[in-house]
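Colleague: The structure that follows is given in the form of structure tokens.
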Amino acid sequence: MSISTSSVLVEMNIAVWTANKVDRSATATVINDNSAVRSAAQVRKNLMAGTTQRKEIADYAASCRVWHSTQTLPWSDRGARLLPTSLFLDYKAEANLRRTKFNSLVDGFLQDYPKLVQEAQVHMGSLFDAADYPDVEAIRDKFGFRLVFSPVPEAGDFRLDIPAEELEAIKSGYDTDFQDRVFDATGSLWRQLHDMLTSMSTKLQDEEGDEAVKKRYHDSFLDNADTLCRMLSHLNITNDPVLDGARQRMEDAIKGLNMDGIRSDPFYRADAKAKLDDVLKQYEW
């Protein structure tokens, strides 16, 4: 099965109103008061000062982008990422839920917008300028959550009315670029696996003597590793047996571990660390 039939491209574009604006008058005052050159400073106003709803939308958008990156592989400089078809239905269902929540947050913000502007005025003092605030419909256009799915093209799909020699050169160039992108996508999986193993091993290292620090271990310590192992079984689009072997070894290393033992028993932590270190030693990362 080729990558073109086992994967699709997906773009997630989320727009959020930045709600900031350069105040030229305040900037000039700061520069003049400090005898500075024009490029030395800039006063940028937070138009929603004293309120949190816009920031909550921005934070949620950021969490959606992070989720999107964990479900997909890097592919295009323009933002399209590779999504294995084995994850397509789950991805689309979750993305639709996230889009619905995003739109609900935006609707709430727009409904409260006139009140929020009044609250911001109280917090901005003399920096407030009513002209800085677009009307509700203009603000609505500054938010958006867009998903676009498209097939992964193959060089053989080129249908261009150009000389055959030039067409072959384009196909050859695309083939090379295609392989480079596959290499980069696979490399990102190795980096994720290595980063997870290294991070866990470091966290499990107990310090001695005066430098000893009691570390906090959250449930996510094992949950994140387990999630990565599950995702790697889908994201290994080239069916690389070495990568899959590394994933299985990590899975075996964390199998049976529990947070109670990790939190309370230094010998338990040492044994868990040794298993993870053994996986790290088996590969040239």
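By convention in this document, the chains of the structure tokens carry letters A, B, ... by their order, each chain's residues are numbered from 1, and ligands are numbered from 1 in the order they are shown.
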List as a PDB file with C-alpha atoms, in the first residue's frame the protein and nucleic acid residues near Phe128 (chain A), meaning an atom at most 10 Å away when only C-alpha atoms are counted, but skip any in the same chain fewer than 4 places from it.
Modeller:
ATOM      1  CA  ASP A  23      -0.705  53.449  19.567  1.00  0.00           C
ATOM      2  CA  LYS A  45      -2.334  48.249  23.185  1.00  0.00           C
ATOM      3  CA  ASN A  46      -4.241  45.191  24.388  1.00  0.00           C
ATOM      4  CA  LEU A  47      -7.747  46.196  23.307  1.00  0.00           C
ATOM      5  CA  ALA A  49      -7.375  44.600  28.717  1.00  0.00           C
ATOM      6  CA  VAL A 117     -15.368  46.872  25.358  1.00  0.00           C
ATOM      7  CA  GLN A 118     -16.824  48.816  28.276  1.00  0.00           C
ATOM      8  CA  ALA A 120     -11.641  47.315  28.667  1.00  0.00           C
ATOM      9  CA  GLN A 121     -12.234  51.064  28.731  1.00  0.00           C
ATOM     10  CA  VAL A 122     -12.054  51.011  32.527  1.00  0.00           C
ATOM     11  CA  HIS A 123      -8.706  49.205  32.475  1.00  0.00           C
ATOM     12  CA  MET A 124      -7.095  51.128  29.585  1.00  0.00           C
ATOM     13  CA  ASP A 132      -9.938  51.053  17.687  1.00  0.00           C
ATOM     14  CA  TYR A 133     -12.900  48.694  18.056  1.00  0.00           C
TER      15      TYR A 133
END
Colleague: With a distance cut-off of 12 Å and only C-alpha atoms, select the neighbouring residues of region 141-146 of chain A, excluding the residue or stretch itself and same-chain residues fewer than 6 positions from it, and output the selection as a PyMOL selection string.
Modeller: chain A and resi 10-19+54+57-58+60-62+64-65+95-107+109-110+134-135
Colleague: May I ask which of the residues A:Tyr268, A:Trp75, A:Phe149, A:Trp190 is the closest one to Gly256 (chain A), counting only C-alpha atoms?
Modeller: A:Tyr268
Colleague: Env of Ser199 (chain A): 12 Å cut, atoms = only C-alpha atoms, seq-sep filter 3 positions within chain, self excluded. Answer as a list in words.
Modeller: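 So the residues in contact are Arg191, Gln192, Leu193, His194, Asp195, Met196, Thr202, Lys203, Leu204, Gln205, Phe221, Leu222, Asn224, Ala225, Lys273, Leu276, Asp277 and Leu280 of chain A.
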Colleague: Name all residues at most 7 Å from Leu82 (chain A) (count only C-alpha atoms; drop same-chain ones fewer than 2 positions away) and give them as a ChimeraX atom specification.
Modeller: /A:7-10,72-75,80,84
Colleague: Skipping near chain neighbours, those fewer than 6 positions away, what residues fall within 12 Å of Lys281 (chain A) using only C-alpha atoms, listed as a PDB file with N, CA and C atoms, in the first residue's frame?
Modeller:
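Listed below is the output, selection_1.pdb:
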ATOM      1  N   HIS A 194      12.422   9.438  20.767  1.00  0.00           N
ATOM      2  CA  HIS A 194      13.654   9.709  21.508  1.00  0.00           C
ATOM      3  C   HIS A 194      13.416  10.732  22.606  1.00  0.00           C
ATOM      4  N   LEU A 197      11.473   9.097  25.523  1.00  0.00           N
ATOM      5  CA  LEU A 197      12.319   8.193  26.308  1.00  0.00           C
ATOM      6  C   LEU A 197      13.320   8.975  27.152  1.00  0.00           C
ATOM      7  N   THR A 198      13.948   9.982  26.549  1.00  0.00           N
ATOM      8  CA  THR A 198      14.945  10.784  27.259  1.00  0.00           C
ATOM      9  C   THR A 198      14.311  11.562  28.408  1.00  0.00           C
ATOM     10  N   ALA A 246      11.242  -0.261  17.800  1.00  0.00           N
ATOM     11  CA  ALA A 246      11.559   0.678  18.879  1.00  0.00           C
ATOM     12  C   ALA A 246      10.294   1.027  19.657  1.00  0.00           C
ATOM     13  N   ARG A 249       9.450  -1.859  21.890  1.00  0.00           N
ATOM     14  CA  ARG A 249      10.347  -1.942  23.048  1.00  0.00           C
ATOM     15  C   ARG A 249       9.979  -0.909  24.109  1.00  0.00           C
ATOM     16  N   MET A 250       9.598   0.272  23.662  1.00  0.00           N
ATOM     17  CA  MET A 250       9.161   1.275  24.628  1.00  0.00           C
ATOM     18  C   MET A 250       7.864   0.829  25.298  1.00  0.00           C
ATOM     19  N   ALA A 274      16.054   2.025  34.119  1.00  0.00           N
ATOM     20  CA  ALA A 274      16.978   1.091  33.459  1.00  0.00           C
ATOM     21  C   ALA A 274      16.341   0.500  32.202  1.00  0.00           C
ATOM     22  N   LYS A 275      15.043   0.212  32.259  1.00  0.00           N
ATOM     23  CA  LYS A 275      14.348  -0.346  31.091  1.00  0.00           C
ATOM     24  C   LYS A 275      14.290   0.671  29.957  1.00  0.00           C
TER      25      LYS A 275
END
Colleague: So, with only C-alpha atoms as the atoms that count, which of A:Ala131, A:Ser126, A:Gln282, A:Tyr217 lies closest to Met259 (chain A)?
Modeller: A:Tyr217
